[in-house]
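Participant: My structure is in target15.tsv, and what it holds is TSV, C-alpha atoms:
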chain	number	residue	atom	x	y	z
A	706	MET	CA	146.85	131.22	123.06
A	707	GLU	CA	144.45	128.63	124.46
A	708	ASN	CA	145.93	125.95	122.19
A	709	LEU	CA	149.22	125.96	124.04
A	710	GLN	CA	148.41	123.33	126.61
A	711	ALA	CA	149.98	120.39	124.89
A	712	THR	CA	152.49	119.79	127.68
A	713	LYS	CA	149.80	119.51	130.33
A	714	LEU	CA	148.63	116.03	131.24
A	715	THR	CA	144.87	115.71	130.88
A	716	LEU	CA	142.52	113.34	132.66
A	717	GLY	CA	142.32	111.28	129.47
A	718	ASP	CA	146.10	110.92	129.46
A	719	LEU	CA	146.15	109.62	133.01
A	720	ILE	CA	143.36	107.14	132.26
A	721	VAL	CA	145.19	105.87	129.18
A	722	ILE	CA	148.54	105.61	130.96
A	723	PHE	CA	147.18	103.75	133.97
A	724	ALA	CA	145.00	101.48	131.85
A	725	LEU	CA	148.01	100.52	129.72
A	726	ILE	CA	150.20	99.96	132.79
A	727	GLY	CA	147.43	97.78	134.24
A	728	ILE	CA	147.14	95.71	131.07
A	729	GLY	CA	150.91	95.38	130.85
A	730	LEU	CA	151.34	94.25	134.45
A	731	ASN	CA	148.41	91.88	134.14
A	732	LEU	CA	149.91	90.20	131.08
A	733	LEU	CA	153.32	90.08	132.72
A	734	MET	CA	152.09	88.47	135.94
A	735	GLY	CA	149.02	86.55	134.80
A	736	ARG	CA	150.44	84.16	132.27
A	737	THR	CA	153.41	83.07	134.32
A	738	GLN	CA	151.44	80.48	136.24
A	739	ALA	CA	150.09	78.23	133.52
A	740	SER	CA	146.87	76.28	133.84
A	741	PRO	CA	147.45	72.91	135.57
A	742	ALA	CA	148.83	70.20	133.35
A	743	GLN	CA	146.58	67.35	132.33
A	744	VAL	CA	147.17	63.64	132.37
A	745	ILE	CA	146.25	62.22	128.98
A	746	ILE	CA	145.59	58.49	128.94
A	747	THR	CA	145.31	56.84	125.53
A	748	SER	CA	144.38	53.22	125.02
A	749	THR	CA	144.52	51.08	121.87
A	750	ASP	CA	140.88	51.62	121.02
A	751	ARG	CA	141.67	55.34	120.66
A	752	GLN	CA	139.78	56.22	123.78
A	753	ILE	CA	141.32	59.26	125.42
A	754	THR	CA	140.82	60.21	129.06
A	755	ARG	CA	141.95	63.59	130.37
A	756	ILE	CA	142.39	64.26	134.07
A	757	ASP	CA	143.80	67.36	135.79
A	758	ILE	CA	147.07	66.38	137.41
A	759	THR	CA	145.97	68.14	140.59
A	760	GLU	CA	143.17	65.64	141.12
A	761	GLU	CA	143.42	62.60	143.39
A	762	ARG	CA	142.10	59.65	141.45
A	763	ILE	CA	142.62	56.00	140.72
A	764	ILE	CA	141.23	54.94	137.36
A	765	GLU	CA	140.99	51.67	135.52
A	766	VAL	CA	141.60	51.60	131.78
A	767	GLU	CA	140.69	48.67	129.58
A	768	GLY	CA	143.58	47.55	127.36
A	769	LYS	CA	144.39	44.66	125.02
A	770	LEU	CA	145.21	42.25	127.84
A	771	GLY	CA	142.94	43.54	130.56
A	772	LYS	CA	142.55	46.35	133.05
A	773	SER	CA	145.42	48.69	133.92
A	774	VAL	CA	145.15	50.69	137.12
A	775	ILE	CA	146.54	54.21	137.00
A	776	GLU	CA	146.86	56.51	139.99
A	777	VAL	CA	146.97	60.32	139.89
A	778	ALA	CA	147.99	61.95	143.18
A	779	ASP	CA	149.99	64.99	144.39
A	780	GLY	CA	150.62	66.18	140.86
A	781	LYS	CA	152.12	62.83	139.85
A	782	VAL	CA	150.98	59.77	137.88
A	783	ARG	CA	151.92	56.09	137.96
A	784	PHE	CA	150.78	52.67	136.89
A	785	VAL	CA	149.62	50.81	139.99
A	786	ASN	CA	148.85	47.57	138.26
A	787	SER	CA	148.88	46.25	134.73
A	788	PRO	CA	148.36	42.78	133.23
A	789	CYS	CA	151.57	42.96	131.18
A	790	PRO	CA	154.34	40.29	131.52
A	791	HIS	CA	157.29	42.43	132.63
A	792	HIS	CA	155.54	45.30	134.45
A	793	LEU	CA	157.94	47.86	132.98
A	794	CYS	CA	155.22	50.51	133.21
A	795	MET	CA	154.86	49.92	136.93
A	796	LYS	CA	158.63	49.92	137.43
A	797	ARG	CA	158.79	53.37	135.83
A	798	GLY	CA	157.20	54.69	139.02
A	799	TRP	CA	155.82	58.19	139.40
A	800	ILE	CA	156.16	60.83	136.70
A	801	ASP	CA	155.44	64.53	137.25
A	802	MET	CA	157.18	66.52	134.49
A	803	PRO	CA	155.23	68.15	131.66
A	804	GLY	CA	155.84	66.18	128.49
A	805	ASP	CA	156.88	63.03	130.38
A	806	TRP	CA	155.10	59.76	129.63
A	807	ILE	CA	154.78	56.07	130.53
A	808	ALA	CA	153.76	53.46	128.01
A	809	CYS	CA	152.46	50.00	128.75
A	810	VAL	CA	153.14	48.51	125.33
A	811	PRO	CA	151.72	45.02	125.83
A	812	ASN	CA	148.46	46.44	127.10
A	813	GLY	CA	148.49	49.29	124.55
A	814	ILE	CA	148.15	52.16	127.01
A	815	LEU	CA	149.99	55.48	126.94
A	816	VAL	CA	149.94	57.90	129.86
A	817	ARG	CA	151.25	61.35	129.06
A	818	ILE	CA	151.46	64.64	130.98
A	819	SER	CA	150.44	67.52	128.77
A	820	GLY	CA	152.81	70.39	128.01
A	821	GLU	CA	156.26	70.80	126.57
A	822	SER	CA	159.25	69.37	128.35
A	823	GLY	CA	161.64	72.20	129.17
A	824	PHE	CA	164.60	69.89	128.54
A	825	ASP	CA	166.07	68.35	125.43
A	826	ALA	CA	166.32	65.01	127.18
A	827	VAL	CA	166.04	63.60	130.68
A	828	THR	CA	168.14	60.71	132.00
A	829	PRO	CA	166.93	58.77	135.02
B	478	MET	CA	152.03	121.93	99.63
B	479	LYS	CA	153.26	125.43	100.24
B	480	GLY	CA	156.95	126.20	100.36
B	481	ARG	CA	156.96	126.86	104.08
B	482	THR	CA	155.17	123.60	104.86
B	483	LEU	CA	157.46	121.71	102.50
B	484	ALA	CA	160.50	123.09	104.29
B	485	LYS	CA	159.11	122.14	107.68
B	486	MET	CA	158.20	118.68	106.46
B	487	GLY	CA	161.74	118.26	105.16
B	488	MET	CA	163.13	119.29	108.52
B	489	LEU	CA	160.86	116.90	110.37
B	490	ALA	CA	161.67	114.00	108.05
B	491	GLY	CA	165.39	114.78	108.18
B	492	GLY	CA	165.36	114.97	111.95
B	493	ALA	CA	163.44	111.72	112.16
B	494	VAL	CA	165.94	109.92	109.91
B	495	ALA	CA	168.90	111.32	111.86
B	496	LEU	CA	167.47	110.20	115.22
B	497	TYR	CA	166.48	106.85	113.75
B	498	VAL	CA	170.02	106.15	112.62
B	499	PHE	CA	171.54	107.52	115.81
B	500	GLU	CA	169.27	105.36	117.91
B	501	ALA	CA	170.33	102.21	116.07
B	502	MET	CA	173.87	102.81	117.34
B	503	LEU	CA	172.78	102.69	120.97
B	504	PRO	CA	173.41	99.30	122.55
B	505	SER	CA	170.27	97.26	123.10
B	506	PRO	CA	169.70	93.98	124.93
B	507	VAL	CA	167.32	92.68	122.25
B	508	PRO	CA	167.89	92.90	118.51
B	509	TRP	CA	165.41	95.26	116.83
B	510	ALA	CA	164.25	96.71	120.15
B	511	ARG	CA	164.68	100.46	119.93
B	512	ILE	CA	163.63	103.37	122.08
B	513	GLY	CA	161.65	105.12	119.38
B	514	LEU	CA	162.95	108.65	119.85
B	515	SER	CA	162.47	109.39	116.17
B	516	ASN	CA	158.74	109.08	116.75
B	517	ILE	CA	158.96	112.57	118.21
B	518	PHE	CA	159.07	113.98	114.70
B	519	VAL	CA	156.17	111.85	113.52
B	520	ILE	CA	154.06	113.00	116.46
B	521	VAL	CA	154.95	116.63	115.83
B	522	ALA	CA	153.97	116.23	112.17
B	523	LEU	CA	150.68	114.64	113.23
B	524	PHE	CA	149.76	117.39	115.65
B	525	VAL	CA	151.00	120.41	113.74
B	526	PHE	CA	150.32	119.42	110.13
B	527	GLY	CA	147.85	116.51	110.27
B	528	LEU	CA	147.59	112.81	109.56
B	529	ARG	CA	148.68	112.86	105.90
B	530	TYR	CA	151.91	114.64	106.72
B	531	ALA	CA	152.64	112.29	109.60
B	532	LEU	CA	152.27	109.33	107.23
B	533	VAL	CA	154.73	110.94	104.79
B	534	VAL	CA	157.29	111.73	107.50
B	535	ASN	CA	157.00	108.19	108.80
B	536	LEU	CA	157.42	106.61	105.37
B	537	VAL	CA	160.51	108.71	104.70
B	538	ARG	CA	161.86	107.91	108.15
B	539	VAL	CA	161.47	104.15	107.85
B	540	LEU	CA	162.64	103.90	104.22
B	541	ALA	CA	165.59	106.29	104.44
B	542	GLY	CA	166.54	105.20	107.96
B	543	ASN	CA	166.64	101.53	107.07
B	544	LEU	CA	168.41	102.25	103.80
B	545	LEU	CA	171.14	104.08	105.69
B	546	LEU	CA	171.40	101.28	108.23
B	547	GLY	CA	171.60	98.72	105.44
B	548	ILE	CA	168.66	96.66	106.67
B	549	LEU	CA	166.06	97.66	104.09
B	550	LEU	CA	163.57	94.80	103.51
B	551	SER	CA	164.91	92.78	106.46
B	552	PRO	CA	162.47	91.31	109.01
B	553	GLY	CA	163.27	94.18	111.36
B	554	PHE	CA	162.39	96.68	108.65
B	555	LEU	CA	159.07	94.99	107.96
B	556	LEU	CA	158.27	94.96	111.68
B	557	SER	CA	158.99	98.66	112.09
B	558	LEU	CA	157.12	99.56	108.90
B	559	THR	CA	153.90	97.79	109.91
B	560	GLY	CA	154.21	98.75	113.57
B	561	SER	CA	154.71	102.43	112.86
B	562	PHE	CA	151.82	102.67	110.39
B	563	VAL	CA	149.44	100.92	112.79
B	564	ALA	CA	150.64	103.30	115.49
B	565	ILE	CA	150.01	106.37	113.35
B	566	GLY	CA	146.56	105.12	112.43
B	567	ILE	CA	145.69	104.65	116.09
B	568	MET	CA	147.22	107.98	117.09
B	569	GLY	CA	145.32	109.81	114.36
B	570	LEU	CA	142.09	108.17	115.47
B	571	MET	CA	142.60	108.64	119.20
B	572	ARG	CA	143.60	112.26	118.84
B	573	LEU	CA	140.15	113.10	117.53
B	574	THR	CA	137.71	110.62	119.01
B	575	LEU	CA	138.36	109.92	122.70
B	576	VAL	CA	135.83	111.50	125.02
B	577	PRO	CA	138.09	112.74	127.80
B	578	PRO	CA	140.45	114.47	125.36
B	579	LEU	CA	144.03	113.29	125.19
B	580	SER	CA	147.04	115.55	125.10
B	581	VAL	CA	150.13	114.84	123.03
B	582	ILE	CA	151.47	112.69	125.86
B	583	GLY	CA	148.51	110.32	125.98
B	584	VAL	CA	148.42	109.99	122.20
B	585	SER	CA	152.14	109.31	122.15
B	586	CYS	CA	151.72	106.58	124.78
B	587	LEU	CA	149.00	104.91	122.75
B	588	GLY	CA	151.16	105.14	119.66
B	589	ALA	CA	154.24	103.64	121.31
B	590	VAL	CA	152.23	100.83	122.87
B	591	SER	CA	150.31	100.00	119.68
B	592	ASN	CA	153.58	99.99	117.76
B	593	ASN	CA	155.09	97.52	120.23
B	594	VAL	CA	151.98	95.36	120.39
B	595	THR	CA	151.79	95.12	116.60
B	596	GLN	CA	155.43	94.15	116.35
B	597	VAL	CA	155.23	91.54	119.10
B	598	CYS	CA	152.10	90.04	117.53
B	599	ILE	CA	153.69	89.81	114.08
B	600	PHE	CA	156.91	88.49	115.57
B	601	ALA	CA	155.06	85.86	117.59
B	602	PHE	CA	152.94	84.85	114.64
B	603	LEU	CA	155.77	84.57	112.13
B	604	LEU	CA	158.82	83.50	114.05
B	605	ALA	CA	158.23	82.25	117.55
B	606	ARG	CA	154.93	80.47	117.93
B	607	SER	CA	156.14	78.41	120.85
B	608	LEU	CA	157.43	81.34	122.91
B	609	LEU	CA	155.39	82.68	125.79
B	610	VAL	CA	153.74	85.66	124.15
B	611	GLY	CA	151.93	86.91	127.26
B	612	PRO	CA	154.90	88.06	129.37
B	613	MET	CA	156.63	89.39	126.25
B	614	LEU	CA	153.58	91.45	125.36
B	615	GLY	CA	153.32	92.72	128.93
B	616	THR	CA	156.96	93.77	128.97
B	617	PHE	CA	156.67	95.60	125.69
B	618	ILE	CA	153.44	97.36	126.74
B	619	LEU	CA	155.15	98.65	129.90
B	620	LEU	CA	158.21	99.73	127.92
B	621	GLY	CA	155.89	101.42	125.44
B	622	VAL	CA	154.18	103.43	128.18
B	623	GLY	CA	157.51	104.65	129.54
B	624	VAL	CA	158.91	105.55	126.13
B	625	GLY	CA	155.59	107.05	125.07
B	626	VAL	CA	155.51	109.42	128.05
B	627	VAL	CA	159.07	110.62	127.37
B	628	THR	CA	158.65	111.09	123.61
B	629	GLY	CA	155.20	112.56	124.20
B	630	PHE	CA	156.59	115.14	126.61
B	631	VAL	CA	159.33	116.20	124.21
B	632	SER	CA	156.89	116.26	121.28
B	633	ALA	CA	154.46	118.35	123.29
B	634	ARG	CA	157.10	121.01	123.88
B	635	ILE	CA	157.93	121.15	120.17
B	636	VAL	CA	154.25	121.24	119.18
B	637	ASP	CA	153.74	124.15	121.58
B	638	LYS	CA	156.65	126.07	120.11
B	639	LEU	CA	155.59	125.48	116.51
B	640	GLN	CA	152.01	126.49	117.19
B	641	LEU	CA	153.17	129.60	119.02
B	642	GLU	CA	155.32	130.53	116.06
B	643	ARG	CA	152.49	129.89	113.64
B	644	GLN	CA	150.11	132.08	115.60
B	645	SER	CA	152.61	134.95	115.80
B	646	LEU	CA	153.18	134.68	112.05
B	647	LEU	CA	149.47	134.85	111.39
B	648	GLY	CA	149.36	137.91	113.60
Mind converting the file's structure to structure tokens?

Facilitator:
Amino acid sequence: MENLQATKLTLGDLIVIFALIGIGLNLLMGRTQASPAQVIITSTDRQITRIDITEERIIEVEGKLGKSVIEVADGKVRFVNSPCPHHLCMKRGWIDMPGDWIACVPNGILVRISGESGFDAVTP
Amino acid sequence: MKGRTLAKMGMLAGGAVALYVFEAMLPSPVPWARIGLSNIFVIVALFVFGLRYALVVNLVRVLAGNLLLGILLSPGFLLSLTGSFVAIGIMGLMRLTLVPPLSVIGVSCLGAVSNNVTQVCIFAFLLARSLLVGPMLGTFILLGVGVGVVTGFVSARIVDKLQLERQSLLG
């Protein structure tokens, strides 16, 4: 009759159950805050600079026409200065959404925030 | 296979198919997500008759169940086939090897969770690479633990009864 203990929880059972609950909760909570997005700056000579968007930095990137100045602050990015004729990149202002980007076409510089945009399209 | 064992196997497989089909009628928020009550019969087969019999009961359950539901060879069928066989493999292994020994309930939990994890992994790999797999996996692990405890408890009662009967028959 000593076999008839199947309904009783053993220590091993409790360990397994709590370990699995722990793993489950960890996966459920842990991945929800993603790692901080990165600012990816590409220039015409294929040089790529990556900066965490949480940093506070002003960097200069060499382009076809000259130096562009890009500022990363408060989780946002913008072109501060660029030697292009119309300054469209500067007029774009700050961007902060994953997947958003600013291009300075005359100077051949692309600034992109890593990640997928959650939207199909964004209008200003 | 002796006649008595054959009859019991038939009952287990039949019960598993019946529950499998019944369960598919219950409303579910996610397609293909099922409670897994029919696993009770697979677990009973594993504990009372052994791994080989559990594999047979499971094969009959998945093939006949999906045939009756009309979704044989669909993606859902492939998910449940692979998931359940991985689960049985893990249950068969864990039943024998773990150092603090597991009862039916712990083994059932591991089985339910490994079934869910396998299915989520295959699903994520084949169909939804861009989805957030982490939270989905977490949800299904937690669901697996809950379902595993319930099915494990019911299975344990049946295993007890069958073993009691077997011992009284042997004298």

Participant: Could you work out which residues of chain B fall inside 8 Å of chain A? Count all atoms listed in the file, and format the result as a count of residues only.

Facilitator: 29

Participant: Would you list the contacts of Val519 in chain B as a list in words, taking every protein, DNA or RNA residue within 7 Å and counting all atoms listed in the file, but skipping same-chain residues closer than 3 positions in sequence?

Facilitator: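 Returned residues: Asn516, Ala522, Leu523, Ala531, Val534 and Asn535 of chain B.
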
Participant: From the list A:Ile800, A:Ala724, A:Ile764, A:Val744, which residue is nearest Asn786 in chain A when using only C-alpha atoms?

Facilitator: A:Ile764

Participant: Just the number, please: distance in Å from CA of Asn812 in chain A to CA of Cys789 in chain A, one decimal.

Facilitator: 6.2 Å

Participant: Got a sec: who's within 9 Å of Leu556 in chain B, counting only C-alpha atoms, leaving out chain neighbours fewer than 5 positions off, as a JSON list (two decimals) with C-alpha atoms, in the coordinates of the input?

Facilitator:
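Full text of out_2.json as output:
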[["chain", "number", "residue", "atom", "x", "y", "z"],
["B", 509, "TRP", "CA", 165.41, 95.26, 116.83],
["B", 551, "SER", "CA", 164.91, 92.78, 106.46],
["B", 561, "SER", "CA", 154.71, 102.43, 112.86],
["B", 595, "THR", "CA", 151.79, 95.12, 116.60],
["B", 596, "GLN", "CA", 155.43, 94.15, 116.35],
["B", 597, "VAL", "CA", 155.23, 91.54, 119.10],
["B", 599, "ILE", "CA", 153.69, 89.81, 114.08],
["B", 600, "PHE", "CA", 156.91, 88.49, 115.57]]

Participant: Using only C-alpha atoms, which residues sit within 8 Å of range 483-499 of chain B once same-chain residues fewer than 2 positions away are excluded, as a PyMOL selection string?

Facilitator: chain B and resi 478-481+501-503+513-519+522+530+534-535+537-539+541-543+545-546

Participant: Show me, as AutoDock Vina command-line options, the centre and edge lengths in Å to one decimal of the axis-aligned box that covers every listed atom of range 788-807 of chain A with 8 Å on each side.

Facilitator:
--center_x 153.6 --center_y 54.2 --center_z 133.9 --size_x 26.4 --size_y 43.9 --size_z 26.9

Participant: So that I can see what lies close to Ser748 in chain A, please list as an mmCIF file with C-alpha atoms, in the frame of the given file the residues with an atom at most 12 Å from it, counting only C-alpha atoms and leaving out residues fewer than 5 positions away in the same chain.

Facilitator:
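Output (out.cif):
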data_model
loop_
_atom_site.group_PDB
_atom_site.id
_atom_site.type_symbol
_atom_site.label_atom_id
_atom_site.label_comp_id
_atom_site.auth_asym_id
_atom_site.auth_seq_id
_atom_site.Cartn_x
_atom_site.Cartn_y
_atom_site.Cartn_z
ATOM 1 C CA ILE A 753 141.320 59.260 125.420
ATOM 2 C CA THR A 754 140.820 60.210 129.060
ATOM 3 C CA ARG A 755 141.950 63.590 130.370
ATOM 4 C CA GLU A 765 140.990 51.670 135.520
ATOM 5 C CA VAL A 766 141.600 51.600 131.780
ATOM 6 C CA GLU A 767 140.690 48.670 129.580
ATOM 7 C CA GLY A 768 143.580 47.550 127.360
ATOM 8 C CA LYS A 769 144.390 44.660 125.020
ATOM 9 C CA LEU A 770 145.210 42.250 127.840
ATOM 10 C CA GLY A 771 142.940 43.540 130.560
ATOM 11 C CA LYS A 772 142.550 46.350 133.050
ATOM 12 C CA SER A 773 145.420 48.690 133.920
ATOM 13 C CA ALA A 808 153.760 53.460 128.010
ATOM 14 C CA CYS A 809 152.460 50.000 128.750
ATOM 15 C CA VAL A 810 153.140 48.510 125.330
ATOM 16 C CA PRO A 811 151.720 45.020 125.830
ATOM 17 C CA ASN A 812 148.460 46.440 127.100
ATOM 18 C CA GLY A 813 148.490 49.290 124.550
ATOM 19 C CA ILE A 814 148.150 52.160 127.010
ATOM 20 C CA LEU A 815 149.990 55.480 126.940
ATOM 21 C CA VAL A 816 149.940 57.900 129.860
ATOM 22 C CA ARG A 817 151.250 61.350 129.060
#

Participant: Kindly give the distance, in Å, that separates CA of Val533 in chain B and CA of Leu550 in chain B, rounded to a single decimal.

Facilitator: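 According to the coordinates, CA of Val533 in chain B and CA of Leu550 in chain B are separated by 18.4 Å.
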